[in-house]
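Right, one structure below, let's go through it.
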Amino acid sequence: MSIHIHHISKTFGSFNALKKVDLEVKTGELVALLGPSGSGKTTLLRIIAGLEFADEGAGSIKFHGSDVTNRTAYERKAGFVFQNYALFNHMTVAENIAFGLRVMKRPERPSREDIDRSVTELLRRIALEGYGDRYPTQLSGGQRQRVALARALAVGPQVLLLDEPFGALDAKVRKTLRKWLRQFHDETRVTTLFVTHDQDEAFELADRVVILHEGHIQQVGSPTQLRENPKNEFVANFLDCVMI
Amino acid sequence: MAAIVLNYPNRTARPRKATSESPFSRWLIIGIAVAFMVLMFVLPLVVIFQEAFRKGWEGYVEAFDDRATTHAIWLTLQVAAITVPLNTLFGLAAAWCVSRFQFRGKRLLTALIELPLWVSPVIAGMIYVLLFGAQGLFGPTLKEHGFKIIFALPGIVLSTIFVTFTFVARVLAPQMEAQGQAEEEAAMTLGANGWQMFWRVTLPKIKWGLLYGIILCNARSMGEFGAVSVVSGHIRNKTNTVPLHIEVLYNEYQFVPAFAVASVLALLALVTLILKTLTTTPRGAA
């Protein structure tokens with residue numbers, strides 16, 4: 001599913017977090033939103049998910065051509081993964097993963113057996129077979145983030161949004177999960193957008209990288225394009241390469 | 001959480017912390033605290049039961065074999081049964097507003113939540129008399145339509161709601177603020193509507209705090225004297241709640257019945273204390 005962002009602005013009080021942002025993400029793409037803290041990348045991601053609403057006015061967000069600008073988060077159902085996992089600590093791992101299926105309206109809701117089957121399959125996929133009965137607090141950070149991913153994927157979202165998904169993990173786990181996510185994306189081709197402030201992460205993972213600064217998109221391009229041809233001084237400085 | 005167990009070869013070898021006091025001042029401080037607690041809380045409690053049982057178990061039981069007493073207990077139960085659920089709802093709503101939304105007047109609302117703590121209960125009662133009493137603002141209109149609020153159950157309930165409103169909200173607001181709302185947001189992106197989000201995610205997160213607030217609210221609604229005293233009119237068998245009835249009995253020199261009924265409220269306080277301890281003890285993963 002493609003995402004079209006057109007002229008989106010967001011103001012918090014007197015602070016302009018986003019200033020008329022335009023961006024298009026193609027179906028099946030893996031795109032990174034990269035920028036220093038306070039650049040508006042998380043705000044943009046949250047607006048796409050429907051967790052935050054853009055300023056009233058000209059801007060619009062379209063999922064696969066249909067306007068979702070005024071839709072709520074639960075109508076948009078974009079898979080969202082939070083930096084600090086946001087797992088339901090009072091539920092087991094299996095219950096966490098099954099949550100999105102269990103809250104479906106009755107006609108759409110899969111049977112109990114089907115839900116169990118999906119959960120087992122997802123646990124296998126995130127290499128946590130046999131962990132279904134544990135509670136999130138009994139898992140390591142890397143395991144928790146994998147559960148959060150499985151939970152987001154259980155409902156079969158058309159868009160996956162990840163907010164600094166590996167930000168709270170140590171370097172080694174980060175690397176493993178990064179590889180895992182890339183591999184997972186290659187298999188499923190779910191349109192994915194992820195926020196990071198880590199250049200290496202963005203360049204290693206993404207098909208295209210969006211560089212944000214002070215609420216403006218500075219440049220969009222493939223890692224090679226950006227490195228070889230930074231558009232302005234900020235991008236050059238930020239990527240630590242020389243303007244030609 | 002893992003407990004850290006430190007093994008010292010013997011007590012005297014315990015390393016002295018910079019903040020620790022000398023044994024003398026330590027025992028002095030503990031002594032003062034304990035003496036104060038015994039004098040102010042334990043002794044009165046003992047006296048209540050001593051007086052209640054002055055004429056033995058029979059005298060104690062006899063005290064409850066009285067229509068005015070049973071009516072007072074029944075009325076108090078009614079008041080609590082109406083007040084506690086309503087204030088649970090109001091408290092949840094207020095805590096939700098304060099912890100989840102940014103809006104104009106939020107600070108005022110936060111202050112209003114604490115209002116019952118710094119306004120004298122008597123004033124709370126007076127407000128309702130001035131509003132709904134015979135000479136009050138809405139008094140004549142209400143009388144025309146046959147509603148009786150002051151010197152009746154509705155007035156007692158209203159003033160009790162005022163006095164006990166603060167408990168649930170005050171316990172929950174800081175707790176909900178500290179917990180943040182990432183889990184609620186996760187539930188929403190997974191397709192949960194507001195109702196499902198509340199029952200499946202928010203309520204389990206706040207249940208112990210909520211229970212604690214409800215227990216406090218219940219204890220206070222059964223024990224409230226000042227506000228209820230103003231609006232009730234002390235009509236025996238009609239508008240006397242347990243605390244008011246105790247005062248009436250005491251003023252009539254019926255000491256054994258007075259203290260026997262008082263012992264019921266004291267027991268309520270003890271049960272509340274136990275439940276409070278149970279609900280605020282940290283437990284494992286929850």
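Chains: A, B, ... in order of the structure tokens. Residues: from 1 per chain. Ligands: from 1, in order shown.
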List the spatial neighbours of range 66-68 of chain A as a ChimeraX atom specification - criterion: any atom at most 10 Å away, only C-alpha atoms, same-chain residues fewer than 4 positions off excluded. /A:3-4,48-50,60-62,72-73,75-76
Quick check: residues of chain B within 10 Å of chain A, only C-alpha atoms, returned as a count of residues only. 25
List every residue of range 133-171 of chain A that DSSP, applied to the backbone, labels as helix (DSSP H, G or I), and write the result as an NGL selection string. :A and (136-138 or 141-154 or 171)
Just the selected residues (N, CA and C atoms), exported as an mmCIF file, in the first residue's frame, please.
data_model
loop_
_atom_site.group_PDB
_atom_site.id
_atom_site.type_symbol
_atom_site.label_atom_id
_atom_site.label_comp_id
_atom_site.auth_asym_id
_atom_site.auth_seq_id
_atom_site.Cartn_x
_atom_site.Cartn_y
_atom_site.Cartn_z
ATOM 1 N N PRO A 136 5.708 -10.019 29.447
ATOM 2 C CA PRO A 136 6.725 -9.159 28.838
ATOM 3 C C PRO A 136 7.872 -8.800 29.771
ATOM 4 N N THR A 137 7.567 -8.642 31.072
ATOM 5 C CA THR A 137 8.623 -8.244 32.001
ATOM 6 C C THR A 137 9.665 -9.344 32.200
ATOM 7 N N GLN A 138 9.324 -10.557 31.752
ATOM 8 C CA GLN A 138 10.287 -11.659 31.904
ATOM 9 C C GLN A 138 11.188 -11.794 30.681
ATOM 10 N N GLY A 141 15.126 -6.908 26.351
ATOM 11 C CA GLY A 141 14.694 -5.815 25.486
ATOM 12 C C GLY A 141 14.502 -6.247 24.037
ATOM 13 N N GLY A 142 15.475 -6.994 23.520
ATOM 14 C CA GLY A 142 15.387 -7.437 22.137
ATOM 15 C C GLY A 142 14.191 -8.360 21.905
ATOM 16 N N GLN A 143 13.953 -9.243 22.893
ATOM 17 C CA GLN A 143 12.801 -10.151 22.793
ATOM 18 C C GLN A 143 11.495 -9.371 22.842
ATOM 19 N N ARG A 144 11.441 -8.363 23.728
ATOM 20 C CA ARG A 144 10.226 -7.560 23.831
ATOM 21 C C ARG A 144 9.917 -6.853 22.522
ATOM 22 N N GLN A 145 10.967 -6.314 21.907
ATOM 23 C CA GLN A 145 10.717 -5.578 20.676
ATOM 24 C C GLN A 145 10.250 -6.523 19.575
ATOM 25 N N ARG A 146 10.729 -7.764 19.599
ATOM 26 C CA ARG A 146 10.257 -8.728 18.608
ATOM 27 C C ARG A 146 8.785 -9.057 18.854
ATOM 28 N N VAL A 147 8.408 -9.167 20.138
ATOM 29 C CA VAL A 147 7.003 -9.420 20.455
ATOM 30 C C VAL A 147 6.153 -8.244 19.966
ATOM 31 N N ALA A 148 6.650 -7.025 20.176
ATOM 32 C CA ALA A 148 5.908 -5.845 19.734
ATOM 33 C C ALA A 148 5.713 -5.872 18.218
ATOM 34 N N LEU A 149 6.742 -6.318 17.512
ATOM 35 C CA LEU A 149 6.635 -6.437 16.057
ATOM 36 C C LEU A 149 5.590 -7.481 15.673
ATOM 37 N N ALA A 150 5.657 -8.631 16.341
ATOM 38 C CA ALA A 150 4.707 -9.705 16.044
ATOM 39 C C ALA A 150 3.284 -9.231 16.318
ATOM 40 N N ARG A 151 3.106 -8.479 17.415
ATOM 41 C CA ARG A 151 1.785 -7.981 17.759
ATOM 42 C C ARG A 151 1.253 -7.062 16.665
ATOM 43 N N ALA A 152 2.150 -6.198 16.141
ATOM 44 C CA ALA A 152 1.728 -5.274 15.090
ATOM 45 C C ALA A 152 1.410 -6.029 13.802
ATOM 46 N N LEU A 153 2.142 -7.133 13.561
ATOM 47 C CA LEU A 153 1.976 -7.849 12.299
ATOM 48 C C LEU A 153 0.778 -8.792 12.312
ATOM 49 N N ALA A 154 0.313 -9.164 13.508
ATOM 50 C CA ALA A 154 -0.732 -10.181 13.630
ATOM 51 C C ALA A 154 -1.993 -9.814 12.846
ATOM 52 N N ALA A 171 24.030 -2.278 21.171
ATOM 53 C CA ALA A 171 24.542 -2.276 19.801
ATOM 54 C C ALA A 171 24.440 -3.647 19.125
#
Near-Gln218 in chain A list (12 Å; only C-alpha atoms; drop same-chain fewer than 4 positions) as a ChimeraX atom specification: /A:19,21-23,33-35,39-41,209-214,226,230-236,238
With only C-alpha atoms as the counted atoms, please give the residues lying no more than 12 Å from Glu187 in chain A, apart from itself and same-chain residues fewer than 6 positions off, as a PyMOL selection string. chain A and resi 28+125+180-181
Among range 56-136 of chain A, which ones does DSSP place in strand (DSSP E or B), written as a list in words?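 Of range 56-136 of chain A, only Ser60, Ile61, Lys62, Phe63, Ser66, Asp67, Gly79, Phe80 and Val81 of chain A fall in strand (DSSP E or B).
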Selected residues, C-alpha atoms, written as a CSV table (one decimal), in the first residue's frame, please.
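Resulting contents of selection.csv:
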chain,number,residue,atom,x,y,z
A,60,SER,CA,-3.9,15.5,3.4
A,61,ILE,CA,-2.8,11.9,3.9
A,62,LYS,CA,-3.8,9.2,1.5
A,63,PHE,CA,-3.4,5.4,2.0
A,66,SER,CA,-8.1,6.9,-0.3
A,67,ASP,CA,-8.1,10.0,2.0
A,79,GLY,CA,1.0,-1.4,12.4
A,80,PHE,CA,2.9,0.7,14.9
A,81,VAL,CA,6.0,-0.3,16.9
With a distance cut-off of 9 Å and only C-alpha atoms, select the neighbouring residues of Thr120 in chain A, excluding the residue or stretch itself and same-chain residues fewer than 5 positions from it, and output the selection as JSON, numbers by chain. {"A": [94, 115, 125, 129, 130, 132]}
Same residues, N, CA and C atoms, saved as an mmCIF file, in the first residue's frame:
data_model
loop_
_atom_site.group_PDB
_atom_site.id
_atom_site.type_symbol
_atom_site.label_atom_id
_atom_site.label_comp_id
_atom_site.auth_asym_id
_atom_site.auth_seq_id
_atom_site.Cartn_x
_atom_site.Cartn_y
_atom_site.Cartn_z
ATOM 1 N N ALA A 94 1.621 -14.345 24.310
ATOM 2 C CA ALA A 94 0.625 -14.817 23.348
ATOM 3 C C ALA A 94 -0.591 -13.893 23.314
ATOM 4 N N ILE A 115 -6.848 -17.998 15.747
ATOM 5 C CA ILE A 115 -6.031 -17.022 16.476
ATOM 6 C C ILE A 115 -4.819 -17.729 17.083
ATOM 7 N N ARG A 125 8.138 -17.178 13.917
ATOM 8 C CA ARG A 125 8.779 -16.221 13.025
ATOM 9 C C ARG A 125 9.738 -15.278 13.769
ATOM 10 N N GLU A 129 9.523 -19.286 19.993
ATOM 11 C CA GLU A 129 8.629 -20.416 20.230
ATOM 12 C C GLU A 129 8.722 -20.825 21.689
ATOM 13 N N GLY A 130 7.587 -21.149 22.268
ATOM 14 C CA GLY A 130 7.577 -21.587 23.655
ATOM 15 C C GLY A 130 7.594 -20.440 24.660
ATOM 16 N N GLY A 132 5.203 -18.119 24.646
ATOM 17 C CA GLY A 132 3.841 -17.584 24.658
ATOM 18 C C GLY A 132 3.251 -17.328 26.030
#
For Ala168 in chain A, which residue among A:Thr43, A:Thr188, A:Ser140, A:Ser2 is the nearest when counting only C-alpha atoms? A:Ser140
Within 10 Å of Ala266 in chain B, counting only C-alpha atoms, which residues qualify if same-chain residues fewer than 3 places away don't, as a PyMOL selection string? chain B and resi 44-45+48-49+223+259-263+269-272
Those same residues, written as a compact mmCIF listing (two decimals), in the first residue's frame with N, CA and C atoms?
# COMPACT_ATOMS: atom_id res chain seq x y z
N PRO B 44 -7.17 5.63 71.93
CA PRO B 44 -8.59 5.90 71.65
C PRO B 44 -9.33 4.67 71.15
N LEU B 45 -8.64 3.89 70.31
CA LEU B 45 -9.26 2.69 69.76
C LEU B 45 -9.59 1.72 70.89
N ILE B 48 -12.60 2.96 72.88
CA ILE B 48 -13.88 2.74 72.20
C ILE B 48 -14.41 1.34 72.52
N PHE B 49 -13.53 0.34 72.36
CA PHE B 49 -13.99 -1.03 72.58
C PHE B 49 -14.24 -1.32 74.06
N GLY B 223 -18.18 7.56 57.12
CA GLY B 223 -17.78 8.23 58.35
C GLY B 223 -18.02 9.72 58.37
N PHE B 259 -20.86 3.94 72.14
CA PHE B 259 -19.54 3.37 71.82
C PHE B 259 -19.66 2.06 71.03
N ALA B 260 -20.75 1.34 71.23
CA ALA B 260 -20.95 0.11 70.46
C ALA B 260 -21.08 0.45 68.98
N VAL B 261 -21.90 1.47 68.69
CA VAL B 261 -22.06 1.87 67.28
C VAL B 261 -20.74 2.45 66.76
N ALA B 262 -20.07 3.21 67.63
CA ALA B 262 -18.78 3.78 67.23
C ALA B 262 -17.78 2.69 66.89
N SER B 263 -17.88 1.56 67.62
CA SER B 263 -16.94 0.47 67.36
C SER B 263 -17.11 -0.09 65.96
N ALA B 269 -12.74 1.30 59.87
CA ALA B 269 -11.45 1.94 59.67
C ALA B 269 -10.32 0.92 59.65
N LEU B 270 -10.40 -0.07 60.57
CA LEU B 270 -9.36 -1.10 60.62
C LEU B 270 -9.35 -1.93 59.34
N VAL B 271 -10.56 -2.32 58.89
CA VAL B 271 -10.66 -3.10 57.66
C VAL B 271 -10.10 -2.28 56.49
N THR B 272 -10.44 -1.00 56.47
CA THR B 272 -9.92 -0.12 55.42
C THR B 272 -8.40 -0.10 55.43
